[in-house]
Amino acid sequence: MARDIELRLNPDLDPAPFAEAYARDKLVRIPEIFAEETAAAIEEVLMRTLSWRLVFPEPSSEPGGREQVAMLTQDDIARLGREGMARRMQGVLTRASQNYGYLYHAYPMIQAYTSGWDSGHPVHQITEFLNSPEFLEFGREVIGASVITKADAQATLYARGNFLTRHTDEGHDRERRAAYTLGFTRSWEPDWGGMLAFFDDELNVSRAFLPRFNMLSLFDGTVMHSVGTVTQFAAAGRYQITGWLRDDPPASASAGG
């Protein structure tokens, strides 16, 4: 398991120019958000130490019930077997063909922290840092929000065939003030897919970005966006930490809810 990580933002970063860009475009990309050693340590946690869950939507088992989020461990997948997984994946692909769905690997950092999963794991240090005064204040300054109380967080791995169809993120009470992604993906090729894409009112791609290493992206989640399907010939995985900067009351001072 990875050693303890000394987590702090790159002290050379000035939030002012990034705040200007966000005010203008509701989107900003901030390179070298961490020192190289820190970014490499987080990369190691994501690539080498997490027990990933396969995440996708499923219809409710109750008539008229709310949609469920399936989150399958490797043991769950083994129990379902090839035929059971094939049936579930067919349902995912059918819904995706109707412009709704997602399929990727995740480690739910907030849930893991608050539920006591994997005690002592360095991923919990990262969760705490993302809800620290340093990170939240930097986010406030960049997006121009007077109040940010906490950050959601999940680690994500998009492997071959994984995707997230176009959508917007507002939250139940519009508590999500901005979406963020922290990228830990090196040497990604454009032909591998997996781009974060934004759409205009006519559903044309207005901007699209390659996964990058040591990159913080902040954007208005109410703008339609997607993550393109990772191609079958992609030679690596797409590793990120994603979530929202929120202004609803924190459930606890350290965990972020």
# chains A, B, ... in the order shown; residues from 1 in each chain; ligands from 1
>>> closest_atom_pairs(of="segment 109-221 of chain A", to="segment 227-231 of chain A", cutoff="6 Å", atoms="only C-alpha atoms", output="JSON lines")
{"residue": "A:Arg160", "atom": "CA", "partner": "A:Val230", "partner_atom": "CA", "distance": 5.0}
{"residue": "A:Gly161", "atom": "CA", "partner": "A:Val230", "partner_atom": "CA", "distance": 5.2}
{"residue": "A:Asn162", "atom": "CA", "partner": "A:Thr229", "partner_atom": "CA", "distance": 5.5}
{"residue": "A:Phe163", "atom": "CA", "partner": "A:Thr229", "partner_atom": "CA", "distance": 4.4}
{"residue": "A:Leu164", "atom": "CA", "partner": "A:Val227", "partner_atom": "CA", "distance": 4.9}
{"residue": "A:Trp192", "atom": "CA", "partner": "A:Thr231", "partner_atom": "CA", "distance": 5.2}
{"residue": "A:Gly193", "atom": "CA", "partner": "A:Val230", "partner_atom": "CA", "distance": 4.6}
{"residue": "A:Gly194", "atom": "CA", "partner": "A:Gly228", "partner_atom": "CA", "distance": 4.5}
{"residue": "A:Met195", "atom": "CA", "partner": "A:Gly228", "partner_atom": "CA", "distance": 5.3}
{"residue": "A:Leu196", "atom": "CA", "partner": "A:Val227", "partner_atom": "CA", "distance": 4.7}
>>> write_last_selection(atoms="all heavy atoms", output="compact mmCIF listing (two decimals), in the first residue's frame")
# COMPACT_ATOMS: atom_id res chain seq x y z
N ARG A 160 -11.36 0.18 -21.40
CA ARG A 160 -11.90 0.00 -22.76
C ARG A 160 -13.40 -0.23 -22.72
O ARG A 160 -13.89 -1.04 -21.93
CB ARG A 160 -11.21 -1.18 -23.44
CG ARG A 160 -9.73 -0.95 -23.70
CD ARG A 160 -9.07 -2.22 -24.19
NE ARG A 160 -7.65 -2.02 -24.44
CZ ARG A 160 -6.80 -2.98 -24.75
NH1 ARG A 160 -7.23 -4.24 -24.85
NH2 ARG A 160 -5.52 -2.71 -24.97
N GLY A 161 -14.13 0.49 -23.55
CA GLY A 161 -15.58 0.35 -23.63
C GLY A 161 -16.36 1.16 -22.62
O GLY A 161 -17.59 1.20 -22.68
N ASN A 162 -15.70 1.84 -21.70
CA ASN A 162 -16.40 2.65 -20.69
C ASN A 162 -16.78 4.01 -21.24
O ASN A 162 -16.11 4.54 -22.14
CB ASN A 162 -15.52 2.82 -19.45
CG ASN A 162 -15.32 1.54 -18.65
OD1 ASN A 162 -14.61 1.53 -17.67
ND2 ASN A 162 -15.96 0.44 -19.06
N PHE A 163 -17.85 4.61 -20.69
CA PHE A 163 -18.39 5.85 -21.24
C PHE A 163 -19.30 6.52 -20.22
O PHE A 163 -19.73 5.91 -19.23
CB PHE A 163 -19.19 5.56 -22.52
CG PHE A 163 -20.39 4.68 -22.28
CD1 PHE A 163 -21.63 5.23 -21.93
CD2 PHE A 163 -20.30 3.30 -22.36
CE1 PHE A 163 -22.74 4.42 -21.68
CE2 PHE A 163 -21.40 2.48 -22.11
CZ PHE A 163 -22.61 3.04 -21.77
N LEU A 164 -19.65 7.76 -20.52
CA LEU A 164 -20.65 8.51 -19.77
C LEU A 164 -21.39 9.38 -20.79
O LEU A 164 -20.80 10.28 -21.38
CB LEU A 164 -19.99 9.39 -18.71
CG LEU A 164 -20.87 10.36 -17.93
CD1 LEU A 164 -21.94 9.62 -17.15
CD2 LEU A 164 -20.01 11.21 -16.99
N TRP A 192 -7.82 7.42 -28.68
CA TRP A 192 -8.26 6.46 -27.67
C TRP A 192 -9.63 6.81 -27.10
O TRP A 192 -10.16 6.06 -26.28
CB TRP A 192 -7.25 6.38 -26.54
CG TRP A 192 -5.91 5.82 -26.94
CD1 TRP A 192 -5.57 5.30 -28.16
CD2 TRP A 192 -4.75 5.71 -26.12
NE1 TRP A 192 -4.27 4.88 -28.16
CE2 TRP A 192 -3.73 5.12 -26.92
CE3 TRP A 192 -4.46 6.06 -24.81
CZ2 TRP A 192 -2.45 4.88 -26.41
CZ3 TRP A 192 -3.19 5.81 -24.31
CH2 TRP A 192 -2.20 5.22 -25.11
N GLY A 193 -10.23 7.93 -27.51
CA GLY A 193 -11.51 8.33 -26.96
C GLY A 193 -11.36 8.90 -25.57
O GLY A 193 -10.32 9.44 -25.20
N GLY A 194 -12.42 8.78 -24.75
CA GLY A 194 -12.34 9.21 -23.37
C GLY A 194 -12.23 10.70 -23.14
O GLY A 194 -11.86 11.13 -22.04
N MET A 195 -12.59 11.51 -24.13
CA MET A 195 -12.48 12.96 -23.97
C MET A 195 -13.67 13.52 -23.19
O MET A 195 -14.80 13.05 -23.35
CB MET A 195 -12.39 13.66 -25.32
CG MET A 195 -11.12 13.42 -26.08
SD MET A 195 -11.00 14.54 -27.49
CE MET A 195 -9.59 13.84 -28.34
N LEU A 196 -13.40 14.51 -22.38
CA LEU A 196 -14.46 15.30 -21.74
C LEU A 196 -14.93 16.31 -22.77
O LEU A 196 -14.17 17.19 -23.19
CB LEU A 196 -13.93 16.02 -20.50
CG LEU A 196 -14.88 16.99 -19.81
CD1 LEU A 196 -16.12 16.30 -19.28
CD2 LEU A 196 -14.15 17.74 -18.69
>>> residues_around(residues="Pro108 of chain A", least_positions_apart="5", cutoff="9 Å", atoms="only C-alpha atoms", output="mmCIF file with C-alpha atoms, in the first residue's frame")
data_model
loop_
_atom_site.group_PDB
_atom_site.id
_atom_site.type_symbol
_atom_site.label_atom_id
_atom_site.label_comp_id
_atom_site.auth_asym_id
_atom_site.auth_seq_id
_atom_site.Cartn_x
_atom_site.Cartn_y
_atom_site.Cartn_z
ATOM 1 C CA TRP A 52 -12.616 -0.832 -8.093
ATOM 2 C CA ARG A 53 -16.376 -1.286 -8.488
ATOM 3 C CA TYR A 113 -14.579 7.378 4.245
ATOM 4 C CA ALA A 153 -15.280 12.784 -4.501
ATOM 5 C CA GLN A 154 -15.025 9.507 -6.328
ATOM 6 C CA ALA A 155 -12.038 7.946 -8.003
ATOM 7 C CA THR A 156 -12.788 6.778 -11.531
#
>>> closest_atom_pairs(of="segment 147-230 of chain A", to="segment 115-135 of chain A", cutoff="12 Å", atoms="only C-alpha atoms", output="CSV")
residue,atom,partner,partner_atom,distance
A:Val147,CA,A:Pro133,CA,11.7
A:Ile148,CA,A:Asn131,CA,9.7
A:Thr149,CA,A:Asn131,CA,8.1
A:Lys150,CA,A:Asn131,CA,5.5
A:Ala151,CA,A:Asn131,CA,5.7
A:Asp152,CA,A:Leu130,CA,8.3
A:Ala153,CA,A:Thr127,CA,6.9
A:Gln154,CA,A:Thr127,CA,8.8
A:Ala155,CA,A:Val123,CA,9.2
A:Tyr180,CA,A:Leu130,CA,10.9
A:Thr181,CA,A:Leu130,CA,11.5
A:Leu182,CA,A:Leu130,CA,10.5
A:Leu216,CA,A:Phe135,CA,11.2
>>> select_by_dssp(residues="segment 5-123 of chain A", states="alpha helix (DSSP H)", output="ChimeraX atom specification")
/A:15-25,36-48,74-97,109-115,123
>>> closest_residue(among="A:Phe209, A:Phe199, A:Phe56, A:Tyr158", to="Arg29 of chain A", atoms="only C-alpha atoms")
A:Phe209
>>> residues_around(residues="Asp75 of chain A", least_positions_apart="2", cutoff="12 Å", atoms="only C-alpha atoms", output="number ranges by chain")
A: 51-54, 71-73, 77-81
>>> write_last_selection(atoms="C-alpha atoms", output="CSV table (one decimal), in the first residue's frame")
chain,number,residue,atom,x,y,z
A,51,SER,CA,-10.6,-2.1,-5.2
A,52,TRP,CA,-12.6,-0.8,-8.1
A,53,ARG,CA,-16.4,-1.3,-8.5
A,54,LEU,CA,-18.0,-1.5,-11.9
A,71,MET,CA,-21.8,-1.0,-8.1
A,72,LEU,CA,-20.3,-4.4,-8.6
A,73,THR,CA,-17.1,-5.7,-6.9
A,77,ILE,CA,-19.1,-10.1,-11.2
A,78,ALA,CA,-17.7,-13.6,-10.6
A,79,ARG,CA,-21.0,-14.7,-8.9
A,80,LEU,CA,-23.1,-13.3,-11.8
A,81,GLY,CA,-21.0,-15.2,-14.3
>>> residues_around(residues="Ala236 of chain A", least_positions_apart="2", cutoff="10 Å", atoms="only C-alpha atoms", output="list in words")
Tyr158, Ala159, Arg160, Thr185, Arg186, Ser187, Trp188, Glu189, Trp192, Val230, Phe233, Ala234, Arg238 and Tyr239 of chain A
>>> decode(residues="segment 134-158 of chain A", atoms="N, CA, C and O atoms", output="compact mmCIF listing (two decimals), in the first residue's frame")
# COMPACT_ATOMS: atom_id res chain seq x y z
N GLU A 134 -7.74 24.48 2.56
CA GLU A 134 -6.86 24.87 1.45
C GLU A 134 -7.53 24.62 0.10
O GLU A 134 -7.59 25.51 -0.76
N PHE A 135 -8.04 23.40 -0.10
CA PHE A 135 -8.62 23.08 -1.40
C PHE A 135 -9.94 23.80 -1.61
O PHE A 135 -10.21 24.34 -2.69
N LEU A 136 -10.79 23.84 -0.58
CA LEU A 136 -12.09 24.48 -0.74
C LEU A 136 -11.95 25.98 -0.97
O LEU A 136 -12.69 26.57 -1.78
N GLU A 137 -11.00 26.63 -0.30
CA GLU A 137 -10.82 28.06 -0.50
C GLU A 137 -10.29 28.35 -1.90
O GLU A 137 -10.70 29.32 -2.54
N PHE A 138 -9.39 27.51 -2.39
CA PHE A 138 -8.91 27.68 -3.76
C PHE A 138 -10.09 27.57 -4.73
O PHE A 138 -10.22 28.39 -5.66
N GLY A 139 -10.96 26.58 -4.52
CA GLY A 139 -12.14 26.44 -5.37
C GLY A 139 -13.04 27.65 -5.29
O GLY A 139 -13.55 28.12 -6.32
N ARG A 140 -13.27 28.17 -4.09
CA ARG A 140 -14.12 29.36 -3.94
C ARG A 140 -13.56 30.52 -4.76
O ARG A 140 -14.30 31.23 -5.45
N GLU A 141 -12.26 30.73 -4.65
CA GLU A 141 -11.64 31.86 -5.35
C GLU A 141 -11.76 31.71 -6.86
O GLU A 141 -12.02 32.69 -7.57
N VAL A 142 -11.56 30.51 -7.36
CA VAL A 142 -11.58 30.32 -8.80
C VAL A 142 -12.99 30.45 -9.37
O VAL A 142 -13.21 31.11 -10.39
N ILE A 143 -13.98 29.84 -8.72
CA ILE A 143 -15.33 29.87 -9.29
C ILE A 143 -16.15 31.07 -8.82
O ILE A 143 -17.27 31.27 -9.27
N GLY A 144 -15.59 31.86 -7.91
CA GLY A 144 -16.28 33.07 -7.46
C GLY A 144 -17.47 32.80 -6.58
O GLY A 144 -18.47 33.52 -6.64
N ALA A 145 -17.37 31.77 -5.74
CA ALA A 145 -18.47 31.42 -4.83
C ALA A 145 -18.06 31.81 -3.41
O ALA A 145 -16.97 31.45 -2.95
N SER A 146 -18.93 32.52 -2.72
CA SER A 146 -18.60 32.95 -1.37
C SER A 146 -18.64 31.80 -0.38
O SER A 146 -17.95 31.83 0.64
N VAL A 147 -19.46 30.79 -0.68
CA VAL A 147 -19.61 29.66 0.23
C VAL A 147 -19.45 28.35 -0.54
O VAL A 147 -20.18 28.09 -1.49
N ILE A 148 -18.44 27.58 -0.17
CA ILE A 148 -18.32 26.19 -0.58
C ILE A 148 -18.06 25.41 0.69
O ILE A 148 -17.09 25.66 1.41
N THR A 149 -18.93 24.49 1.01
CA THR A 149 -18.84 23.80 2.30
C THR A 149 -18.16 22.44 2.21
O THR A 149 -17.65 21.95 3.21
N LYS A 150 -18.17 21.83 1.03
CA LYS A 150 -17.60 20.48 0.93
C LYS A 150 -17.44 20.09 -0.52
O LYS A 150 -17.95 20.76 -1.43
N ALA A 151 -16.72 19.00 -0.71
CA ALA A 151 -16.50 18.45 -2.05
C ALA A 151 -16.88 16.99 -2.06
O ALA A 151 -16.42 16.20 -1.22
N ASP A 152 -17.75 16.61 -3.00
CA ASP A 152 -17.94 15.20 -3.30
C ASP A 152 -16.65 14.65 -3.91
O ASP A 152 -15.83 15.42 -4.42
N ALA A 153 -16.47 13.36 -3.87
CA ALA A 153 -15.28 12.78 -4.50
C ALA A 153 -15.49 11.31 -4.79
O ALA A 153 -15.96 10.56 -3.94
N GLN A 154 -15.15 10.92 -6.01
CA GLN A 154 -15.03 9.51 -6.33
C GLN A 154 -13.84 9.35 -7.27
O GLN A 154 -13.59 10.19 -8.13
N ALA A 155 -13.09 8.29 -7.06
CA ALA A 155 -12.04 7.95 -8.00
C ALA A 155 -12.67 7.18 -9.16
O ALA A 155 -13.57 6.36 -8.94
N THR A 156 -12.22 7.45 -10.37
CA THR A 156 -12.79 6.78 -11.53
C THR A 156 -11.69 6.23 -12.43
O THR A 156 -10.62 6.82 -12.58
N LEU A 157 -11.99 5.10 -13.00
CA LEU A 157 -11.15 4.47 -14.02
C LEU A 157 -12.05 4.14 -15.20
O LEU A 157 -12.99 3.35 -15.07
N TYR A 158 -11.77 4.76 -16.34
CA TYR A 158 -12.45 4.41 -17.58
C TYR A 158 -11.51 3.47 -18.35
O TYR A 158 -10.46 3.87 -18.82
